[in-house]
file query.cif (mmCIF, C-alpha atoms (C1' of nucleotides))
data_input
loop_
_atom_site.group_PDB
_atom_site.id
_atom_site.type_symbol
_atom_site.label_atom_id
_atom_site.label_comp_id
_atom_site.auth_asym_id
_atom_site.auth_seq_id
_atom_site.Cartn_x
_atom_site.Cartn_y
_atom_site.Cartn_z
ATOM 1 C CA MET R 1 122.423 -8.446 -166.861
ATOM 2 C CA ASN R 2 125.375 -7.361 -168.935
ATOM 3 C CA TYR R 3 127.219 -8.762 -171.902
ATOM 4 C CA TRP R 4 130.974 -8.925 -172.371
ATOM 5 C CA LEU R 5 133.584 -10.233 -174.726
ATOM 6 C CA ILE R 6 136.725 -11.884 -173.475
ATOM 7 C CA LYS R 7 139.709 -12.842 -175.585
ATOM 8 C CA SER R 8 142.030 -15.761 -175.321
ATOM 9 C CA GLU R 9 144.634 -17.237 -177.584
ATOM 10 C CA PRO R 10 143.353 -20.740 -178.343
ATOM 11 C CA GLN R 11 146.871 -22.175 -178.164
ATOM 12 C CA VAL R 12 146.972 -20.902 -174.559
ATOM 13 C CA TYR R 13 143.374 -21.511 -173.471
ATOM 14 C CA SER R 14 140.598 -22.343 -175.920
ATOM 15 C CA ILE R 15 136.864 -22.745 -175.630
ATOM 16 C CA GLU R 16 137.404 -26.482 -175.965
ATOM 17 C CA ASP R 17 139.535 -26.289 -172.820
ATOM 18 C CA LEU R 18 136.714 -24.482 -171.030
ATOM 19 C CA LYS R 19 134.173 -27.025 -172.257
ATOM 20 C CA ARG R 20 136.308 -29.810 -170.821
ATOM 21 C CA GLU R 21 136.819 -28.065 -167.471
ATOM 22 C CA ASN R 22 133.284 -26.606 -167.323
ATOM 23 C CA THR R 23 134.424 -23.740 -165.103
ATOM 24 C CA THR R 24 137.663 -21.813 -164.710
ATOM 25 C CA ILE R 25 139.048 -18.801 -162.916
ATOM 26 C CA TRP R 26 139.861 -16.212 -165.571
ATOM 27 C CA ASP R 27 143.361 -15.487 -164.328
ATOM 28 C CA GLY R 28 146.289 -13.681 -165.891
ATOM 29 C CA VAL R 29 144.674 -10.386 -166.878
ATOM 30 C CA ARG R 30 147.311 -7.730 -166.163
ATOM 31 C CA ASN R 31 145.794 -4.639 -167.675
ATOM 32 C CA TYR R 32 144.023 -2.140 -165.460
ATOM 33 C CA GLN R 33 141.254 -1.291 -167.895
ATOM 34 C CA ALA R 34 140.476 -4.941 -168.454
ATOM 35 C CA ARG R 35 140.603 -5.596 -164.718
ATOM 36 C CA ASN R 36 138.153 -2.787 -164.091
ATOM 37 C CA PHE R 37 135.715 -4.451 -166.458
ATOM 38 C CA LEU R 38 136.239 -7.754 -164.632
ATOM 39 C CA LYS R 39 135.351 -5.937 -161.401
ATOM 40 C CA GLN R 40 132.119 -4.689 -162.931
ATOM 41 C CA MET R 41 130.957 -8.149 -163.920
ATOM 42 C CA GLN R 42 127.991 -9.602 -162.102
ATOM 43 C CA LYS R 43 126.856 -13.132 -161.522
ATOM 44 C CA GLY R 44 124.680 -14.225 -164.428
ATOM 45 C CA ASP R 45 126.333 -11.959 -166.986
ATOM 46 C CA LEU R 46 127.109 -13.572 -170.326
ATOM 47 C CA ALA R 47 130.346 -13.224 -172.261
ATOM 48 C CA PHE R 48 131.341 -14.070 -175.788
ATOM 49 C CA PHE R 49 134.506 -16.114 -176.030
ATOM 50 C CA TYR R 50 136.868 -14.706 -178.667
ATOM 51 C CA HIS R 51 139.862 -16.557 -180.081
ATOM 52 C CA SER R 52 142.679 -14.129 -180.847
ATOM 53 C CA ASN R 53 146.060 -14.404 -182.533
ATOM 54 C CA CYS R 54 144.927 -17.336 -184.631
ATOM 55 C CA LYS R 55 143.529 -18.076 -188.061
ATOM 56 C CA PRO R 56 140.850 -16.873 -188.331
ATOM 57 C CA PRO R 57 140.246 -14.781 -185.210
ATOM 58 C CA GLY R 58 136.633 -14.545 -184.071
ATOM 59 C CA ILE R 59 133.863 -15.352 -181.626
ATOM 60 C CA VAL R 60 133.619 -19.064 -180.959
ATOM 61 C CA GLY R 61 131.064 -19.400 -178.178
ATOM 62 C CA LEU R 62 129.440 -18.232 -175.008
ATOM 63 C CA LEU R 63 130.137 -18.437 -171.291
ATOM 64 C CA GLU R 64 128.503 -17.269 -168.088
ATOM 65 C CA ILE R 65 129.962 -15.376 -165.144
ATOM 66 C CA VAL R 66 129.243 -17.584 -162.130
ATOM 67 C CA GLU R 67 131.358 -15.953 -159.403
ATOM 68 C CA THR R 68 132.703 -12.426 -159.005
ATOM 69 C CA ASN R 69 135.390 -10.620 -157.024
ATOM 70 C CA ILE R 70 137.863 -13.468 -157.051
ATOM 71 C CA ILE R 71 141.431 -12.577 -156.182
ATOM 72 C CA ASP R 72 143.633 -13.827 -158.987
ATOM 73 C CA PRO R 73 145.848 -16.380 -157.224
ATOM 74 C CA THR R 74 148.591 -16.277 -159.867
ATOM 75 C CA GLN R 75 149.719 -12.795 -158.768
ATOM 76 C CA PHE R 76 151.181 -14.378 -155.615
ATOM 77 C CA GLU R 77 152.876 -17.334 -157.307
ATOM 78 C CA PRO R 78 156.532 -16.482 -157.935
ATOM 79 C CA LYS R 79 156.820 -19.154 -160.619
ATOM 80 C CA SER R 80 153.772 -17.977 -162.524
ATOM 81 C CA PRO R 81 154.224 -15.799 -165.599
ATOM 82 C CA TYR R 82 151.523 -13.645 -164.044
ATOM 83 C CA PHE R 83 153.376 -13.121 -160.762
ATOM 84 C CA ASP R 84 153.257 -9.511 -159.570
ATOM 85 C CA ALA R 85 155.860 -8.690 -156.923
ATOM 86 C CA LYS R 86 154.193 -5.360 -156.238
ATOM 87 C CA SER R 87 150.891 -6.898 -155.254
ATOM 88 C CA SER R 88 150.252 -7.629 -151.587
ATOM 89 C CA ILE R 89 147.966 -10.112 -149.855
ATOM 90 C CA ASN R 90 146.340 -7.283 -147.933
ATOM 91 C CA GLN R 91 145.744 -5.209 -151.020
ATOM 92 C CA PRO R 92 145.694 -7.476 -154.043
ATOM 93 C CA ARG R 93 145.944 -5.706 -157.363
ATOM 94 C CA TRP R 94 144.287 -8.213 -159.602
ATOM 95 C CA GLN R 95 140.769 -9.473 -159.250
ATOM 96 C CA THR R 96 138.844 -11.613 -161.649
ATOM 97 C CA VAL R 97 135.799 -13.857 -162.051
ATOM 98 C CA LYS R 98 134.923 -17.514 -162.392
ATOM 99 C CA VAL R 99 133.304 -18.434 -165.681
ATOM 100 C CA GLN R 100 131.284 -21.414 -166.829
ATOM 101 C CA PHE R 101 131.012 -22.928 -170.275
ATOM 102 C CA LYS R 102 127.689 -22.339 -172.024
ATOM 103 C CA GLN R 103 128.076 -23.288 -175.672
ATOM 104 C CA ILE R 104 130.274 -23.496 -178.704
ATOM 105 C CA PHE R 105 128.610 -21.766 -181.640
ATOM 106 C CA PRO R 106 127.863 -24.016 -184.648
ATOM 107 C CA ALA R 107 130.118 -21.790 -186.725
ATOM 108 C CA LEU R 108 132.852 -19.371 -185.743
ATOM 109 C CA ILE R 109 131.855 -15.728 -186.271
ATOM 110 C CA CYS R 110 135.058 -14.407 -187.768
ATOM 111 C CA LEU R 111 136.446 -10.934 -187.222
ATOM 112 C CA ASN R 112 135.759 -10.105 -190.867
ATOM 113 C CA THR R 113 132.044 -10.744 -190.414
ATOM 114 C CA LEU R 114 132.005 -8.731 -187.210
ATOM 115 C CA LYS R 115 133.714 -5.841 -189.004
ATOM 116 C CA ASN R 116 131.148 -5.948 -191.781
ATOM 117 C CA ARG R 117 128.201 -5.877 -189.404
ATOM 118 C CA PHE R 118 129.289 -3.667 -186.527
ATOM 119 C CA SER R 119 130.904 -0.298 -186.012
ATOM 120 C CA PRO R 120 133.637 0.144 -183.387
ATOM 121 C CA GLU R 121 131.029 1.818 -181.155
ATOM 122 C CA GLU R 122 128.760 -1.206 -181.374
ATOM 123 C CA LEU R 123 131.568 -3.697 -180.835
ATOM 124 C CA LEU R 124 134.940 -2.547 -179.538
ATOM 125 C CA VAL R 125 136.782 -5.597 -180.768
ATOM 126 C CA VAL R 126 136.468 -4.479 -184.403
ATOM 127 C CA LYS R 127 138.275 -1.230 -183.645
ATOM 128 C CA LYS R 128 141.698 -1.140 -185.188
ATOM 129 C CA GLY R 129 144.463 -1.415 -182.654
ATOM 130 C CA ASN R 130 142.175 -2.523 -179.854
ATOM 131 C CA ARG R 131 144.129 -4.734 -177.488
ATOM 132 C CA LEU R 132 141.833 -4.933 -174.497
ATOM 133 C CA SER R 133 141.206 -8.541 -173.571
ATOM 134 C CA VAL R 134 137.956 -7.808 -171.730
ATOM 135 C CA VAL R 135 135.386 -5.432 -173.199
ATOM 136 C CA PRO R 136 131.703 -4.696 -172.620
ATOM 137 C CA VAL R 137 129.233 -5.461 -175.408
ATOM 138 C CA PRO R 138 126.099 -3.307 -175.713
ATOM 139 C CA GLU R 139 122.894 -5.300 -175.290
ATOM 140 C CA ASN R 140 121.620 -4.619 -178.803
ATOM 141 C CA THR R 141 124.878 -5.789 -180.313
ATOM 142 C CA ALA R 142 124.906 -8.868 -178.099
ATOM 143 C CA LYS R 143 121.419 -9.860 -179.186
ATOM 144 C CA MET R 144 122.324 -9.414 -182.831
ATOM 145 C CA ILE R 145 125.365 -11.625 -182.417
ATOM 146 C CA LEU R 146 123.256 -14.282 -180.701
ATOM 147 C CA ASN R 147 120.899 -14.242 -183.690
ATOM 148 C CA LEU R 148 123.603 -14.601 -186.328
ATOM 149 C "C1'" DG W 1 157.811 -11.830 -189.840
ATOM 150 C "C1'" DC W 2 156.085 -7.135 -189.907
ATOM 151 C "C1'" DC W 3 154.286 -3.398 -187.755
ATOM 152 C "C1'" DA W 4 150.461 -0.322 -185.813
ATOM 153 C "C1'" DA W 5 148.632 0.782 -181.678
ATOM 154 C "C1'" DC W 6 148.736 0.777 -177.702
ATOM 155 C "C1'" DG W 7 150.405 0.438 -172.168
ATOM 156 C "C1'" DT W 8 154.255 0.734 -168.924
ATOM 157 C "C1'" DT W 9 158.558 2.226 -167.072
ATOM 158 C "C1'" DG W 10 161.767 5.313 -165.472
ATOM 159 C "C1'" DG W 11 164.894 9.328 -166.016
ATOM 160 C "C1'" DC W 12 164.592 14.046 -165.617
ATOM 161 C "C1'" DG J 1 154.257 15.753 -164.921
ATOM 162 C "C1'" DC J 2 156.531 14.927 -169.348
ATOM 163 C "C1'" DC J 3 158.053 11.928 -172.657
ATOM 164 C "C1'" DA J 4 161.408 8.670 -174.860
ATOM 165 C "C1'" DA J 5 162.335 4.005 -174.844
ATOM 166 C "C1'" DC J 6 160.706 -0.269 -174.505
ATOM 167 C "C1'" DG J 7 157.507 -4.274 -174.326
ATOM 168 C "C1'" DT J 8 153.193 -6.460 -175.747
ATOM 169 C "C1'" DT J 9 149.131 -7.497 -178.441
ATOM 170 C "C1'" DG J 10 147.286 -9.223 -182.317
ATOM 171 C "C1'" DG J 11 145.820 -8.575 -187.210
ATOM 172 C "C1'" DC J 12 147.705 -9.259 -191.508
#
call {"tool": "encode", "arguments": {"input": "query.cif", "output": "structure tokens"}}
result
Amino acid sequence: MNYWLIKSEPQVYSIEDLKRENTTIWDGVRNYQARNFLKQMQKGDLAFFYHSNCKPPGIVGLLEIVETNIIDPTQFEPKSPYFDAKSSINQPRWQTVKVQFKQIFPALICLNTLKNRFSPEELLVVKKGNRLSVVPVPENTAKMILNL
DNA sequence: GCCAACGTTGGC
DNA sequence: GCCAACGTTGGC
């Protein structure tokens, strides 16, 4: 079982949205490194939900990976902002996972707190300039976050 | 709004 | 394959 952290701008898709929908396909990732992490995810993995580009940014809750190796349907939708003309049905470029809501934390764990407690090695999201929207979280770090 | 830190594109 | 130009992310 592995732990991850996935980012979303709450004005685009928030943890409240996920709570309401219960499950969602995590579409729209168009970065190869992030996609490769999505490929590595396994059913039963847990991920922290991080709100980015908002005030204050931070971890707001937890979700579970419930289905893997899903072909991101938006890459084939010409009207979607995530449409990729260079992707083909036979060899889709973008794969993702289905996630399920687990919980909203009683208090947001803001980026400042995360920076104070963790080094960039322990938690990539505190690294300056990090823009990856999907990152792995080492087990020790994950357990510490869950105990905060 | 600014800008650092990327990733991508495309000419050569 | 190099690299300049450009676009995006996301904290501040």
call {"tool": "resolve_selection", "arguments": {"input": "query.cif", "expression": "the PyMOL selection byres ((chain R) within 12 of (chain W))", "output": "VMD selection string"}}
result
chain R and resid 30 to 34 127 to 132
call {"tool": "resolve_selection", "arguments": {"input": "query.cif", "expression": "the PyMOL selection byres ((chain R and resi 74) around 12)", "output": "PDB file with C-alpha atoms, keeping the file's coordinate frame"}}
result
ATOM      1  CA  ILE R  25     139.048 -18.801-162.916  1.00  0.00           C
ATOM      2  CA  TRP R  26     139.861 -16.212-165.571  1.00  0.00           C
ATOM      3  CA  ASP R  27     143.361 -15.487-164.328  1.00  0.00           C
ATOM      4  CA  GLY R  28     146.289 -13.681-165.891  1.00  0.00           C
ATOM      5  CA  VAL R  29     144.674 -10.386-166.878  1.00  0.00           C
ATOM      6  CA  ARG R  30     147.311  -7.730-166.163  1.00  0.00           C
ATOM      7  CA  ILE R  70     137.863 -13.468-157.051  1.00  0.00           C
ATOM      8  CA  ILE R  71     141.431 -12.577-156.182  1.00  0.00           C
ATOM      9  CA  ASP R  72     143.633 -13.827-158.987  1.00  0.00           C
ATOM     10  CA  PRO R  73     145.848 -16.380-157.224  1.00  0.00           C
ATOM     11  CA  GLN R  75     149.719 -12.795-158.768  1.00  0.00           C
ATOM     12  CA  PHE R  76     151.181 -14.378-155.615  1.00  0.00           C
ATOM     13  CA  GLU R  77     152.876 -17.334-157.307  1.00  0.00           C
ATOM     14  CA  PRO R  78     156.532 -16.482-157.935  1.00  0.00           C
ATOM     15  CA  LYS R  79     156.820 -19.154-160.619  1.00  0.00           C
ATOM     16  CA  SER R  80     153.772 -17.977-162.524  1.00  0.00           C
ATOM     17  CA  PRO R  81     154.224 -15.799-165.599  1.00  0.00           C
ATOM     18  CA  TYR R  82     151.523 -13.645-164.044  1.00  0.00           C
ATOM     19  CA  PHE R  83     153.376 -13.121-160.762  1.00  0.00           C
ATOM     20  CA  ASP R  84     153.257  -9.511-159.570  1.00  0.00           C
ATOM     21  CA  ALA R  85     155.860  -8.690-156.923  1.00  0.00           C
ATOM     22  CA  SER R  87     150.891  -6.898-155.254  1.00  0.00           C
ATOM     23  CA  ILE R  89     147.966 -10.112-149.855  1.00  0.00           C
ATOM     24  CA  PRO R  92     145.694  -7.476-154.043  1.00  0.00           C
ATOM     25  CA  ARG R  93     145.944  -5.706-157.363  1.00  0.00           C
ATOM     26  CA  TRP R  94     144.287  -8.213-159.602  1.00  0.00           C
ATOM     27  CA  GLN R  95     140.769  -9.473-159.250  1.00  0.00           C
ATOM     28  CA  THR R  96     138.844 -11.613-161.649  1.00  0.00           C
TER      29      THR R  96
END
call {"tool": "atom_distance", "arguments": {"input": "query.cif", "atom1": "CA of Glu9 (chain R)", "atom2": "CA of Leu108 (chain R)"}}
result
14.5 Å
call {"tool": "atom_distance", "arguments": {"input": "query.cif", "atom1": "CA of Glu122 (chain R)", "atom2": "CA of Pro57 (chain R)"}}
result
18.2 Å
call {"tool": "atom_distance", "arguments": {"input": "query.cif", "atom1": "CA of Lys7 (chain R)", "atom2": "CA of Phe48 (chain R)"}}
result
8.5 Å
call {"tool": "axis_aligned_box", "arguments": {"input": "query.cif", "around": "region 15-27 of chain R", "padding_each_side": "4 Å", "output": "JSON"}}
result
{"center_x": 138.3, "center_y": -22.6, "center_z": -169.4, "size_x": 18.1, "size_y": 22.3, "size_z": 21.0}
call {"tool": "decode", "arguments": {"input": "query.cif", "residues": "chain J", "atoms": "N, CA, C and O atoms (P, O5', C5', C4', C3', O3' and C1' of nucleotides)", "output": "tab-separated table (two decimals), in the first residue's frame"}}
result
chain	number	residue	atom	x	y	z
J	1	DG	P	19.62	12.68	-28.87
J	1	DG	O5'	20.55	13.76	-29.58
J	1	DG	C5'	21.94	13.95	-29.30
J	1	DG	C4'	22.21	15.42	-29.18
J	1	DG	C3'	21.75	16.06	-27.87
J	1	DG	O3'	22.76	16.99	-27.49
J	1	DG	C1'	20.69	17.16	-29.67
J	2	DC	P	22.77	17.72	-26.12
J	2	DC	O5'	22.55	19.21	-26.60
J	2	DC	C5'	23.43	19.76	-27.58
J	2	DC	C4'	22.99	21.17	-27.91
J	2	DC	C3'	22.62	22.02	-26.69
J	2	DC	O3'	23.24	23.27	-26.83
J	2	DC	C1'	20.82	22.00	-28.25
J	3	DC	P	23.44	24.24	-25.54
J	3	DC	O5'	22.24	25.27	-25.75
J	3	DC	C5'	22.10	25.93	-27.00
J	3	DC	C4'	20.74	26.61	-27.06
J	3	DC	C3'	20.29	27.20	-25.72
J	3	DC	O3'	19.63	28.41	-25.96
J	3	DC	C1'	18.63	25.82	-26.54
J	4	DA	P	20.13	29.77	-25.25
J	4	DA	O5'	19.24	30.86	-25.98
J	4	DA	C5'	19.12	30.82	-27.39
J	4	DA	C4'	17.69	31.12	-27.79
J	4	DA	C3'	16.99	32.16	-26.92
J	4	DA	O3'	16.19	32.96	-27.77
J	4	DA	C1'	15.78	30.13	-26.83
J	5	DA	P	15.41	34.25	-27.21
J	5	DA	O5'	13.92	33.73	-27.29
J	5	DA	C5'	13.45	33.16	-28.50
J	5	DA	C4'	12.05	32.63	-28.28
J	5	DA	C3'	11.16	33.54	-27.44
J	5	DA	O3'	9.90	33.65	-28.09
J	5	DA	C1'	11.21	31.37	-26.50
J	6	DC	P	8.78	34.68	-27.54
J	6	DC	O5'	7.74	33.68	-26.90
J	6	DC	C5'	7.40	32.50	-27.61
J	6	DC	C4'	6.74	31.53	-26.66
J	6	DC	C3'	5.72	32.16	-25.72
J	6	DC	O3'	4.45	31.63	-25.99
J	6	DC	C1'	7.10	30.58	-24.60
J	7	DG	P	3.15	32.19	-25.28
J	7	DG	O5'	2.84	30.98	-24.29
J	7	DG	C5'	2.74	29.65	-24.81
J	7	DG	C4'	2.44	28.72	-23.65
J	7	DG	C3'	1.40	29.26	-22.69
J	7	DG	O3'	0.51	28.21	-22.34
J	7	DG	C1'	3.41	28.79	-21.52
J	8	DT	P	-0.67	28.44	-21.29
J	8	DT	O5'	-0.06	27.76	-19.98
J	8	DT	C5'	0.42	26.43	-20.06
J	8	DT	C4'	0.83	25.98	-18.67
J	8	DT	C3'	-0.19	26.31	-17.57
J	8	DT	O3'	-0.35	25.13	-16.81
J	8	DT	C1'	1.95	27.15	-16.99
J	9	DT	P	-1.49	25.09	-15.67
J	9	DT	O5'	-0.61	25.02	-14.34
J	9	DT	C5'	0.49	24.13	-14.28
J	9	DT	C4'	1.25	24.42	-13.02
J	9	DT	C3'	0.39	24.64	-11.78
J	9	DT	O3'	0.91	23.80	-10.78
J	9	DT	C1'	1.89	26.45	-12.05
J	10	DG	P	0.12	23.41	-9.48
J	10	DG	O5'	0.50	24.60	-8.51
J	10	DG	C5'	1.83	24.73	-8.05
J	10	DG	C4'	1.96	26.05	-7.35
J	10	DG	C3'	0.78	26.41	-6.44
J	10	DG	O3'	1.29	26.86	-5.23
J	10	DG	C1'	1.31	28.19	-7.81
J	11	DG	P	0.59	26.70	-3.85
J	11	DG	O5'	1.63	27.47	-2.94
J	11	DG	C5'	3.01	27.19	-3.09
J	11	DG	C4'	3.80	28.47	-2.92
J	11	DG	C3'	3.40	29.31	-1.74
J	11	DG	O3'	4.58	29.80	-1.12
J	11	DG	C1'	3.24	30.62	-3.70
J	12	DC	P	4.56	30.34	0.38
J	12	DC	O5'	4.44	31.91	0.17
J	12	DC	C5'	5.52	32.60	-0.45
J	12	DC	C4'	5.06	33.95	-0.87
J	12	DC	C3'	4.17	34.66	0.17
J	12	DC	O3'	5.00	35.44	1.04
J	12	DC	C1'	3.50	35.08	-2.11
